[in-house]
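So this one's start.txt, compact mmCIF, C-alpha atoms (C1' of nucleotides):
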# COMPACT_ATOMS: atom_id res chain seq x y z
CA MET A 1 138.28 -37.46 60.54
CA ILE A 2 141.90 -37.26 61.67
CA GLU A 3 140.64 -38.83 64.89
CA SER A 4 140.21 -42.21 63.30
CA LEU A 5 143.79 -42.06 62.04
CA LYS A 6 145.03 -41.30 65.53
CA GLN A 7 143.09 -44.18 66.95
CA ASN A 8 144.44 -46.49 64.33
CA VAL A 9 148.05 -45.47 65.00
CA ALA A 10 147.58 -45.76 68.75
CA HIS A 11 146.25 -49.23 68.21
CA HIS A 12 149.62 -50.34 66.81
CA VAL A 13 152.25 -48.35 68.74
CA SER A 14 152.52 -46.32 71.94
CA ILE A 15 153.44 -42.83 70.94
CA SER A 16 153.40 -39.47 72.76
CA ASP A 17 150.72 -36.88 72.03
CA ASN A 18 153.30 -34.59 70.50
CA GLU A 19 154.67 -37.21 68.17
CA MET A 20 151.19 -38.26 67.20
CA GLU A 21 150.31 -34.68 66.36
CA GLU A 22 153.46 -34.25 64.35
CA PHE A 23 152.91 -37.46 62.43
CA CYS A 24 149.28 -36.74 61.65
CA ASN A 25 150.15 -33.29 60.37
CA PHE A 26 151.89 -34.91 57.43
CA PHE A 27 148.56 -36.13 56.09
CA HIS A 28 146.27 -34.23 53.79
CA LYS A 29 142.72 -35.13 53.06
CA LYS A 30 141.44 -36.09 49.66
CA THR A 31 137.77 -36.43 48.81
CA MET A 32 136.92 -38.83 46.05
CA LYS A 33 133.82 -39.50 44.00
CA LYS A 34 132.74 -43.05 43.33
CA LYS A 35 134.50 -44.68 40.36
CA THR A 36 137.48 -42.36 40.45
CA PHE A 37 141.04 -43.60 40.75
CA LEU A 38 143.66 -42.99 43.38
CA LEU A 39 146.18 -44.93 41.33
CA ARG A 40 146.29 -46.37 37.83
CA GLU A 41 148.52 -49.01 36.29
CA GLY A 42 151.72 -47.45 34.98
CA GLU A 43 151.76 -44.60 37.46
CA VAL A 44 154.28 -44.49 40.29
CA CYS A 45 152.52 -44.67 43.63
CA GLU A 46 153.67 -41.59 45.55
CA PHE A 47 151.44 -41.94 48.58
CA GLU A 48 150.31 -44.12 51.39
CA GLY A 49 146.67 -43.63 52.32
CA PHE A 50 144.38 -44.17 55.26
CA VAL A 51 140.70 -44.61 54.47
CA ALA A 52 138.61 -42.26 56.61
CA LYS A 53 135.36 -42.92 54.79
CA GLY A 54 134.20 -45.06 51.91
CA LEU A 55 135.41 -48.14 50.12
CA PHE A 56 138.25 -48.88 47.72
CA ARG A 57 139.34 -51.83 45.66
CA VAL A 58 142.97 -52.58 44.87
CA TYR A 59 143.20 -54.70 41.78
CA HIS A 60 145.18 -55.92 38.83
CA ILE A 61 144.16 -56.52 35.24
CA ASP A 62 145.82 -59.48 33.53
CA GLN A 63 146.73 -60.04 29.87
CA ASN A 64 143.26 -61.39 29.15
CA GLY A 65 141.55 -58.36 30.61
CA PHE A 66 140.39 -60.13 33.76
CA GLU A 67 140.50 -58.34 37.07
CA GLN A 68 141.97 -59.83 40.21
CA ILE A 69 141.21 -58.00 43.41
CA LEU A 70 144.04 -57.97 45.90
CA TYR A 71 141.95 -56.44 48.64
CA PHE A 72 139.13 -54.12 49.54
CA ALA A 73 139.78 -51.23 51.91
CA ILE A 74 137.03 -49.69 53.99
CA GLU A 75 137.24 -47.27 56.92
CA ASN A 76 140.44 -47.70 58.95
CA TRP A 77 142.29 -49.65 56.29
CA TRP A 78 145.50 -48.48 54.66
CA ILE A 79 145.99 -48.42 50.91
CA THR A 80 149.07 -48.22 48.75
CA ASP A 81 151.03 -50.23 46.24
CA ILE A 82 153.98 -51.18 48.42
CA ASP A 83 156.08 -52.29 45.49
CA SER A 84 155.61 -49.15 43.46
CA PHE A 85 155.80 -46.90 46.51
CA THR A 86 158.97 -48.30 48.02
CA ASN A 87 160.81 -49.04 44.81
CA GLY A 88 159.61 -46.11 42.76
CA LYS A 89 158.55 -48.28 39.88
CA PRO A 90 155.39 -48.06 37.75
CA SER A 91 152.48 -49.76 39.42
CA GLN A 92 150.77 -52.86 38.12
CA LEU A 93 147.71 -52.03 40.16
CA PHE A 94 144.63 -49.87 40.12
CA ILE A 95 143.16 -48.32 43.25
CA GLU A 96 139.57 -47.21 42.72
CA ALA A 97 136.93 -45.73 44.98
CA LEU A 98 133.80 -47.89 44.89
CA GLU A 99 131.85 -45.36 46.94
CA ASP A 100 132.21 -41.64 47.55
CA SER A 101 135.21 -41.69 49.85
CA GLU A 102 137.64 -39.72 51.94
CA VAL A 103 141.24 -40.68 52.31
CA LEU A 104 144.15 -39.22 54.27
CA LEU A 105 147.36 -39.25 52.27
CA ILE A 106 150.99 -38.99 53.21
CA THR A 107 153.59 -38.47 50.51
CA LYS A 108 156.69 -40.57 50.13
CA LYS A 109 158.92 -37.67 51.14
CA ASP A 110 156.93 -36.94 54.26
CA LYS A 111 156.87 -40.58 55.22
CA GLU A 112 160.63 -40.80 54.93
CA PHE A 113 160.89 -37.63 56.94
CA ALA A 114 158.67 -39.17 59.59
CA TYR A 115 160.78 -42.33 59.61
CA ALA A 116 163.90 -40.28 60.25
CA LYS A 117 162.39 -38.07 62.91
CA LEU A 118 160.02 -40.45 64.69
CA PRO A 119 161.54 -43.87 65.30
CA LEU A 120 158.22 -45.32 66.38
CA ILE A 121 156.81 -44.65 62.94
CA GLU A 122 159.26 -47.06 61.41
CA LYS A 123 158.00 -49.58 63.92
CA LEU A 124 154.38 -48.72 63.10
CA PHE A 125 154.80 -49.54 59.45
CA ARG A 126 156.89 -52.63 60.12
CA VAL A 127 154.18 -53.97 62.41
CA MET A 128 151.43 -53.16 59.93
CA THR A 129 153.30 -54.74 57.02
CA GLN A 130 153.82 -57.86 59.10
CA LYS A 131 150.14 -58.05 59.92
CA THR A 132 149.03 -57.71 56.34
CA HIS A 133 151.66 -60.25 55.37
CA VAL A 134 150.35 -62.77 57.87
CA ALA A 135 146.80 -62.19 56.62
CA LEU A 136 147.93 -62.71 53.04
CA GLN A 137 149.73 -65.95 53.96
CA ARG A 138 146.51 -67.15 55.52
CA ARG A 139 144.57 -66.23 52.40
CA MET A 140 147.13 -67.96 50.21
CA ILE A 141 146.83 -71.18 52.19
CA ASP A 142 143.05 -71.01 52.08
CA ASN A 143 143.12 -70.41 48.35
CA LEU A 144 145.34 -73.43 47.83
CA SER A 145 143.13 -75.77 49.78
CA LYS A 146 139.52 -74.64 49.85
CA THR A 147 136.72 -74.86 47.32
CA ALA A 148 135.05 -71.73 45.96
CA ASP A 149 131.98 -72.44 48.13
CA GLN A 150 134.05 -72.50 51.27
CA ARG A 151 136.03 -69.42 50.31
CA TYR A 152 132.81 -67.53 49.68
CA LEU A 153 131.43 -68.54 53.06
CA ASP A 154 134.70 -67.63 54.75
CA PHE A 155 134.65 -64.25 53.05
CA ILE A 156 131.19 -63.23 54.16
CA GLU A 157 131.93 -64.48 57.64
CA LYS A 158 135.27 -62.72 57.88
CA TYR A 159 134.21 -59.45 56.26
CA PRO A 160 130.50 -59.06 56.93
CA ASN A 161 130.82 -55.30 56.57
CA HIS A 162 132.61 -55.43 53.25
CA TYR A 163 130.21 -58.00 51.96
CA LYS A 164 127.10 -55.89 52.19
CA ARG A 165 128.72 -53.10 50.22
CA LEU A 166 130.07 -55.22 47.38
CA THR A 167 128.58 -56.68 44.22
CA ASN A 168 128.88 -60.33 43.20
CA LEU A 169 131.22 -59.26 40.48
CA GLN A 170 133.64 -57.78 42.95
CA ILE A 171 133.49 -60.67 45.34
CA ALA A 172 134.09 -63.02 42.41
CA ALA A 173 137.20 -61.09 41.36
CA TYR A 174 138.48 -61.34 44.92
CA LEU A 175 137.83 -65.06 45.21
CA GLY A 176 139.18 -65.82 41.75
CA ILE A 177 135.96 -67.29 40.35
CA SER A 178 133.36 -66.23 37.79
CA HIS A 179 130.49 -64.06 38.98
CA GLU A 180 128.01 -66.57 37.55
CA PHE A 181 129.43 -69.14 39.87
CA VAL A 182 128.99 -66.78 42.81
CA SER A 183 125.30 -66.70 41.89
CA LYS A 184 125.19 -70.47 41.86
CA ILE A 185 126.92 -70.70 45.22
CA ARG A 186 124.40 -68.27 46.70
CA ARG A 187 121.52 -70.32 45.38
CA LYS A 188 123.01 -73.50 46.78
CA ILE A 189 123.50 -71.90 50.19
CA ALA A 190 119.98 -70.46 50.21
CA SER A 191 118.42 -73.81 49.34
CA ARG A 192 120.39 -75.52 52.11
CA LYS A 193 118.61 -73.60 54.86
CA MET B 1 179.22 -70.09 56.07
CA ILE B 2 178.68 -66.80 57.91
CA GLU B 3 180.00 -65.16 54.75
CA SER B 4 176.83 -65.84 52.84
CA LEU B 5 174.82 -64.23 55.63
CA LYS B 6 177.00 -61.13 55.46
CA GLN B 7 176.58 -60.91 51.73
CA ASN B 8 172.85 -61.27 52.07
CA VAL B 9 172.62 -58.50 54.67
CA ALA B 10 174.89 -56.22 52.63
CA HIS B 11 172.61 -56.78 49.68
CA HIS B 12 169.73 -55.14 51.55
CA VAL B 13 171.31 -52.41 53.70
CA SER B 14 174.57 -50.46 53.92
CA ILE B 15 176.04 -51.23 57.26
CA SER B 16 179.53 -50.73 58.78
CA ASP B 17 181.90 -53.66 59.23
CA ASN B 18 181.62 -53.38 62.98
CA GLU B 19 177.86 -53.43 62.99
CA MET B 20 177.84 -56.32 60.56
CA GLU B 21 180.17 -58.27 62.81
CA GLU B 22 178.09 -57.50 65.85
CA PHE B 23 174.87 -58.50 64.12
CA CYS B 24 176.26 -61.75 62.75
CA ASN B 25 177.59 -62.74 66.14
CA PHE B 26 174.03 -63.16 67.31
CA PHE B 27 173.61 -66.15 65.02
CA HIS B 28 174.39 -69.73 65.88
CA LYS B 29 174.66 -72.54 63.42
CA LYS B 30 172.38 -75.54 63.41
CA THR B 31 173.01 -78.63 61.32
CA MET B 32 169.97 -80.60 60.31
CA LYS B 33 169.41 -84.02 58.82
CA LYS B 34 166.93 -84.46 56.03
CA LYS B 35 163.34 -84.95 57.22
CA THR B 36 163.89 -83.27 60.57
CA PHE B 37 161.87 -80.28 61.75
CA LEU B 38 162.91 -76.78 62.65
CA LEU B 39 159.37 -76.00 63.72
CA ARG B 40 156.19 -77.99 64.25
CA GLU B 41 152.57 -76.92 64.45
CA GLY B 42 151.66 -75.88 67.98
CA GLU B 43 155.18 -74.77 68.93
CA VAL B 44 156.02 -71.10 69.36
CA CYS B 45 158.57 -70.03 66.79
CA GLU B 46 161.47 -68.58 68.77
CA PHE B 47 163.88 -68.00 65.93
CA GLU B 48 164.49 -66.45 62.60
CA GLY B 49 166.76 -68.47 60.34
CA PHE B 50 169.03 -67.98 57.36
CA VAL B 51 169.60 -71.00 55.16
CA ALA B 52 173.34 -71.51 54.61
CA LYS B 53 172.97 -74.87 52.94
CA GLY B 54 170.16 -77.20 51.98
CA LEU B 55 166.46 -76.93 51.38
CA PHE B 56 163.43 -76.40 53.59
CA ARG B 57 159.72 -76.41 53.10
CA VAL B 58 157.34 -74.25 55.11
CA TYR B 59 153.88 -75.73 55.10
CA HIS B 60 150.50 -76.07 56.70
CA ILE B 61 148.29 -79.11 57.15
CA ASP B 62 144.56 -78.47 56.86
CA GLN B 63 141.60 -80.20 58.55
CA ASN B 64 141.51 -82.85 55.83
CA GLY B 65 145.16 -83.69 56.23
CA PHE B 66 146.26 -81.99 53.04
CA GLU B 67 149.49 -80.05 52.94
CA GLN B 68 149.78 -76.57 51.51
CA ILE B 69 153.31 -75.33 50.98
CA LEU B 70 153.77 -71.65 51.67
CA TYR B 71 157.31 -71.58 50.31
CA PHE B 72 160.54 -73.44 49.81
CA ALA B 73 163.74 -71.98 51.19
CA ILE B 74 167.14 -72.83 49.70
CA GLU B 75 170.52 -71.19 50.24
CA ASN B 76 170.25 -67.46 51.08
CA TRP B 77 166.58 -67.58 51.96
CA TRP B 78 165.21 -66.68 55.37
CA ILE B 79 162.79 -68.89 57.27
CA THR B 80 160.49 -68.23 60.16
CA ASP B 81 156.82 -68.14 61.01
CA ILE B 82 156.36 -64.38 61.26
CA ASP B 83 153.00 -64.66 62.98
CA SER B 84 154.16 -67.04 65.68
CA PHE B 85 157.52 -65.30 66.06
CA THR B 86 156.27 -61.75 66.39
CA ASN B 87 153.12 -62.48 68.34
CA GLY B 88 154.38 -65.35 70.46
CA LYS B 89 151.51 -67.58 69.53
CA PRO B 90 151.55 -71.29 68.65
CA SER B 91 152.47 -71.85 65.04
CA GLN B 92 150.13 -73.29 62.44
CA LEU B 93 153.09 -74.22 60.31
CA PHE B 94 155.74 -76.88 59.93
CA ILE B 95 159.28 -76.11 58.79
CA GLU B 96 161.07 -79.22 57.60
CA ALA B 97 164.49 -79.86 56.06
CA LEU B 98 164.06 -81.66 52.73
CA GLU B 99 167.82 -82.18 52.42
CA ASP B 100 170.67 -82.29 54.92
CA SER B 101 170.90 -78.61 55.74
CA GLU B 102 172.65 -75.91 57.70
CA VAL B 103 170.85 -72.91 59.06
CA LEU B 104 171.98 -69.84 61.01
CA LEU B 105 169.54 -68.95 63.76
CA ILE B 106 168.94 -65.79 65.75
CA THR B 107 166.69 -65.91 68.80
CA LYS B 108 163.84 -63.55 69.39
CA LYS B 109 165.65 -61.90 72.31
CA ASP B 110 168.80 -61.34 70.30
CA LYS B 111 166.83 -59.97 67.39
CA GLU B 112 165.09 -57.47 69.63
CA PHE B 113 168.44 -56.59 71.10
CA ALA B 114 169.80 -56.04 67.62
CA TYR B 115 166.80 -53.86 66.74
CA ALA B 116 167.45 -51.66 69.76
CA LYS B 117 171.18 -51.39 69.24
CA LEU B 118 171.49 -51.33 65.46
CA PRO B 119 168.88 -49.15 63.79
CA LEU B 120 169.75 -50.43 60.35
CA ILE B 121 168.68 -53.90 61.39
CA GLU B 122 165.14 -52.71 61.86
CA LYS B 123 165.36 -51.36 58.36
CA LEU B 124 166.83 -54.64 57.09
CA PHE B 125 163.89 -56.64 58.30
CA ARG B 126 161.36 -54.06 57.20
CA VAL B 127 162.80 -54.14 53.69
CA MET B 128 162.89 -57.93 53.61
CA THR B 129 159.33 -58.24 54.88
CA GLN B 130 158.21 -55.82 52.21
CA LYS B 131 159.93 -57.80 49.50
CA THR B 132 158.42 -61.08 50.56
CA HIS B 133 155.06 -59.35 50.83
CA VAL B 134 155.29 -58.05 47.28
CA ALA B 135 156.28 -61.51 46.05
CA LEU B 136 153.32 -63.03 47.85
CA GLN B 137 150.94 -60.46 46.37
CA ARG B 138 152.23 -61.40 42.95
CA ARG B 139 151.72 -65.08 43.71
CA MET B 140 148.21 -64.41 44.98
CA ILE B 141 147.26 -62.59 41.79
CA ASP B 142 148.72 -65.37 39.65
CA ASN B 143 146.85 -67.96 41.66
CA LEU B 144 143.59 -66.12 41.16
CA SER B 145 143.95 -65.86 37.42
CA LYS B 146 146.15 -68.57 35.96
CA THR B 147 145.50 -72.21 35.16
CA ALA B 148 147.49 -74.98 36.84
CA ASP B 149 149.45 -75.51 33.60
CA GLN B 150 150.54 -71.91 33.52
CA ARG B 151 151.40 -71.83 37.22
CA TYR B 152 153.53 -74.93 36.81
CA LEU B 153 155.40 -73.39 33.89
CA ASP B 154 155.84 -70.14 35.79
CA PHE B 155 157.20 -72.05 38.76
CA ILE B 156 159.89 -73.94 36.88
CA GLU B 157 160.85 -70.80 35.04
CA LYS B 158 160.98 -68.66 38.16
CA TYR B 159 162.68 -71.19 40.42
CA PRO B 160 164.75 -73.45 38.15
CA ASN B 161 167.05 -74.27 41.05
CA HIS B 162 164.29 -75.23 43.41
CA TYR B 163 162.59 -77.25 40.77
CA LYS B 164 165.38 -79.75 40.21
CA ARG B 165 165.53 -80.53 43.91
CA LEU B 166 161.81 -81.05 44.46
CA THR B 167 159.42 -83.92 43.86
CA ASN B 168 156.13 -83.60 41.98
CA LEU B 169 154.37 -84.06 45.26
CA GLN B 170 156.01 -81.00 46.72
CA ILE B 171 155.47 -78.85 43.67
CA ALA B 172 151.82 -79.92 43.67
CA ALA B 173 151.40 -78.86 47.29
CA TYR B 174 152.89 -75.49 46.43
CA LEU B 175 150.69 -74.95 43.38
CA GLY B 176 147.57 -76.19 45.13
CA ILE B 177 146.87 -79.08 42.74
CA SER B 178 147.03 -82.87 42.94
CA HIS B 179 150.34 -84.55 42.16
CA GLU B 180 148.61 -86.72 39.57
CA PHE B 181 147.67 -83.58 37.73
CA VAL B 182 151.29 -82.43 37.84
CA SER B 183 152.15 -85.65 36.03
CA LYS B 184 149.52 -84.93 33.42
CA ILE B 185 150.77 -81.40 32.93
CA ARG B 186 154.31 -82.69 32.43
CA ARG B 187 153.13 -85.17 29.84
CA LYS B 188 151.21 -82.48 28.00
CA ILE B 189 154.24 -80.18 27.98
CA ALA B 190 156.57 -82.96 26.81
CA SER B 191 154.26 -83.91 23.95
CA ARG B 192 154.02 -80.29 22.84
CA LYS B 193 157.71 -80.08 21.92
C1' DT C 1 172.33 -106.13 46.72
C1' DT C 2 167.77 -106.67 48.12
C1' DC C 3 163.52 -105.51 50.02
C1' DA C 4 160.63 -101.83 51.46
C1' DT C 5 159.18 -97.32 50.82
C1' DT C 6 158.40 -93.42 48.38
C1' DT C 7 157.53 -91.27 44.06
C1' DA C 8 155.66 -90.99 39.24
C1' DT C 9 152.50 -92.27 35.51
C1' DT C 10 148.25 -93.47 33.52
C1' DG C 11 143.19 -94.08 32.66
C1' DA C 12 138.37 -93.88 33.83
C1' DA C 13 134.75 -91.78 36.23
C1' DC C 14 133.59 -87.93 38.60
C1' DT C 15 133.27 -82.98 40.59
C1' DT C 16 134.09 -78.32 40.34
C1' DG C 17 134.01 -74.37 38.02
C1' DT C 18 133.71 -71.78 33.22
C1' DT C 19 131.64 -69.90 29.22
C1' DC C 20 128.06 -68.24 26.59
C1' DA C 21 123.68 -66.67 25.83
C1' DA C 22 119.24 -65.37 27.31
C1' DT C 23 116.32 -63.03 30.68
C1' DG C 24 115.07 -60.40 34.60
C1' DT C 25 116.29 -56.98 38.18
C1' DT C 26 118.37 -53.01 40.12
C1' DT C 27 120.84 -48.71 39.90
C1' DT C 28 122.32 -44.56 37.65
C1' DT C 29 121.86 -40.68 35.29
C1' DG C 30 120.09 -37.21 32.11
C1' DC D 1 110.56 -40.14 35.56
C1' DA D 2 112.33 -42.74 31.68
C1' DA D 3 116.00 -44.78 29.33
C1' DA D 4 120.34 -46.69 29.67
C1' DA D 5 123.63 -49.07 32.00
C1' DA D 6 125.19 -52.17 35.25
C1' DC D 7 124.22 -56.23 37.92
C1' DA D 8 122.18 -60.92 38.99
C1' DT D 9 120.23 -65.38 37.79
C1' DT D 10 119.73 -69.47 35.21
C1' DG D 11 120.64 -73.47 32.10
C1' DA D 12 123.24 -76.09 28.87
C1' DA D 13 127.52 -77.46 27.05
C1' DC D 14 132.12 -77.59 28.07
C1' DA D 15 136.90 -77.51 30.27
C1' DA D 16 139.82 -78.01 34.17
C1' DG D 17 141.16 -80.52 37.83
C1' DT D 18 140.27 -84.55 41.35
C1' DT D 19 139.89 -89.09 42.98
C1' DC D 20 140.76 -93.76 42.99
C1' DA D 21 143.05 -97.68 41.70
C1' DA D 22 146.54 -100.06 39.33
C1' DT D 23 151.31 -100.31 37.81
C1' DA D 24 156.00 -98.85 37.04
C1' DA D 25 160.12 -96.52 38.44
C1' DA D 26 163.32 -94.58 41.64
C1' DT D 27 165.34 -94.18 46.18
C1' DG D 28 166.80 -95.55 50.59
C1' DA D 29 168.15 -98.41 54.35
C1' DA D 30 169.80 -102.87 56.18
Is it possible to express this structure as structure tokens?
Amino acid sequence: MIESLKQNVAHHVSISDNEMEEFCNFFHKKTMKKKTFLLREGEVCEFEGFVAKGLFRVYHIDQNGFEQILYFAIENWWITDIDSFTNGKPSQLFIEALEDSEVLLITKKDKEFAYAKLPLIEKLFRVMTQKTHVALQRRMIDNLSKTADQRYLDFIEKYPNHYKRLTNLQIAAYLGISHEFVSKIRRKIASRK
Amino acid sequence: MIESLKQNVAHHVSISDNEMEEFCNFFHKKTMKKKTFLLREGEVCEFEGFVAKGLFRVYHIDQNGFEQILYFAIENWWITDIDSFTNGKPSQLFIEALEDSEVLLITKKDKEFAYAKLPLIEKLFRVMTQKTHVALQRRMIDNLSKTADQRYLDFIEKYPNHYKRLTNLQIAAYLGISHEFVSKIRRKIASRK
DNA sequence: TTCATTTATTGAACTTGTTCAATGTTTTTG
DNA sequence: CAAAAACATTGAACAAGTTCAATAAATGAA
């Protein structure tokens, strides 16, 4: 449970056992039923979360009522709305559990406390933010240049574990296409074999 | 020259005059002619740069030879390839001056030195990375949901200063559409008035 | 200034992806 | 287990955006 968090932290920075213990103690566990929300539009995001079990979607709803999915988070992913969290403003995002899930949360206060006390934690989050930023740049470039077919293929290749747990509707909202078209892409791919 | 850098830093973190001086001393000025490159694909990005004057484009070229522009950087913007810079791997990006430009560069070594010596500098870059990340998330969402027309309008509204200095070709490569279609969008908009 | 190069515009034919509506399939839930 | 709800598939008509080719306009370099 907390073990996976420790492993994840250790994967990014080298930190003493004591510091690790101290950092992990800031987290409290939250169990969530499928289809419940960790964050809703309009709320201020007061936490940063580590997914211990389950699956979440982080998404936005536009003026026309369409959903755009920013990312899916399964085990060992972090979830928050950085903008709302760091700037204390109302979120534009929803974070919803798509399966029964368990998440480890740290509050804003505790995170700041950790920053002040444990210099490596500042580094941890800087490194993680950089990594997600690089991944998002990559996705942006792909979105600018590739067809929906290619993006779908890339997605199932890149996230085979997500893929199995998601519906067409959700994949469509991530790729920025209609779910009907996802069906048509699947058919095309199947017939190609 | 260095003044604009100081102002930019002060805008993000509160730092003493001494520390500011020390940090800014790490930078050296580079003057660049239009159409010259600060970074080419395959090179390792050894710098982080602050644009004092001019205009740059940061872009990628895909397998089919098409360019996707990640962003434009004018005065007071920072430029680097985070992935290449932080992980020491060959860049997938080009950074090119689109006008005669002046940029203030800090090397990787000096930046690490600054991190170690001036704790607020770590914060500075963390805050800046977060801001660019939030902006990119916003752009991703818009790209998933909006039509080319709307994205074009958003662009000229959001970056009126960039817009005047860019060609249709460049705006097209940023929006992920053909430059012919940019022409058609412009015509449509003009006829609507 | 002049010639070459780059950039912008336009139209026609085409491709990609959307929308809507109907139907079948799977999953949830009482 | 049965009924309801959510999800997936399909086709037809449509809209959005591309490609190609031709021409005009602007810019740059000698």
Rounded to one decimal place, report the CA of Asn143 in chain A-C1' of DA6 in chain D distance in Å. 28.7 Å
Within 9 Å of DA8 in chain D, counting all atoms listed in the file, which residues show up once you throw out same-chain ones fewer than 3 positions away? Write them as JSON, numbers by chain, please. {"A": [168, 179, 180, 183], "C": [24, 25, 26]}
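Across the model, the gap from CA of Lys184 in chain A to CA of Gln137 in chain A is 27.7 Å.
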Could you name the residues that touch range 10-27 of chain D at 10 Å or less, counting all atoms listed in the file, but leaving out those on the same chain fewer than 2 positions away, as a VMD selection string? (chain A and resid 180 183 to 184) or (chain B and resid 147 to 149 177 to 178 180 to 181) or (chain C and resid 5 to 23) or (chain D and resid 8 29)
Residues within 9 Å of Ile121 in chain A, all atoms listed in the file, excluding chain neighbours under 3 positions, as a ChimeraX atom specification: /A:13,15,23,111,114-118,124-126
Residue contacts of range 76-92 of chain B (8 Å, all atoms listed in the file) excluding same-chain residues fewer than 3 positions away, as a ChimeraX atom specification: /A:130-131,134 /B:4-5,8,40-52,58,60,73,108
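Here CA of Arg151 in chain A and CA of Gln150 in chain B stand 22.3 Å from one another.
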With N, CA and C atoms as the goal, would you fill in the gaps in range 62-76 of chain B and present it as a tab-separated table (two decimals), in the coordinates of the input?
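File produced: rebuild11.tsv:
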chain	number	residue	atom	x	y	z
B	62	ASP	N	145.94	-78.89	56.59
B	62	ASP	CA	144.56	-78.47	56.86
B	62	ASP	C	143.76	-79.58	57.55
B	63	GLN	N	142.47	-79.27	57.82
B	63	GLN	CA	141.60	-80.20	58.55
B	63	GLN	C	141.50	-81.56	57.89
B	64	ASN	N	141.64	-81.59	56.56
B	64	ASN	CA	141.51	-82.85	55.83
B	64	ASN	C	142.84	-83.58	55.67
B	65	GLY	N	143.87	-83.03	56.29
B	65	GLY	CA	145.16	-83.69	56.23
B	65	GLY	C	145.97	-83.37	54.99
B	66	PHE	N	145.51	-82.38	54.22
B	66	PHE	CA	146.26	-81.99	53.04
B	66	PHE	C	147.29	-80.92	53.38
B	67	GLU	N	148.42	-81.02	52.70
B	67	GLU	CA	149.49	-80.05	52.94
B	67	GLU	C	149.44	-78.91	51.92
B	68	GLN	N	149.58	-77.70	52.41
B	68	GLN	CA	149.78	-76.57	51.51
B	68	GLN	C	151.16	-75.98	51.81
B	69	ILE	N	151.96	-75.86	50.77
B	69	ILE	CA	153.31	-75.33	50.98
B	69	ILE	C	153.32	-73.83	50.71
B	70	LEU	N	153.74	-73.11	51.75
B	70	LEU	CA	153.77	-71.65	51.67
B	70	LEU	C	154.98	-71.22	50.86
B	71	TYR	N	156.13	-71.81	51.15
B	71	TYR	CA	157.31	-71.58	50.31
B	71	TYR	C	158.40	-72.59	50.60
B	72	PHE	N	159.32	-72.66	49.65
B	72	PHE	CA	160.54	-73.44	49.81
B	72	PHE	C	161.67	-72.47	50.07
B	73	ALA	N	162.61	-72.86	50.93
B	73	ALA	CA	163.74	-71.98	51.19
B	73	ALA	C	165.04	-72.73	50.91
B	74	ILE	N	165.81	-72.25	49.95
B	74	ILE	CA	167.14	-72.83	49.70
B	74	ILE	C	168.18	-71.83	50.19
B	75	GLU	N	169.41	-72.05	49.83
B	75	GLU	CA	170.52	-71.19	50.24
B	75	GLU	C	170.18	-69.71	50.06
B	76	ASN	N	170.45	-68.92	51.07
B	76	ASN	CA	170.25	-67.46	51.08
B	76	ASN	C	168.80	-67.02	51.28
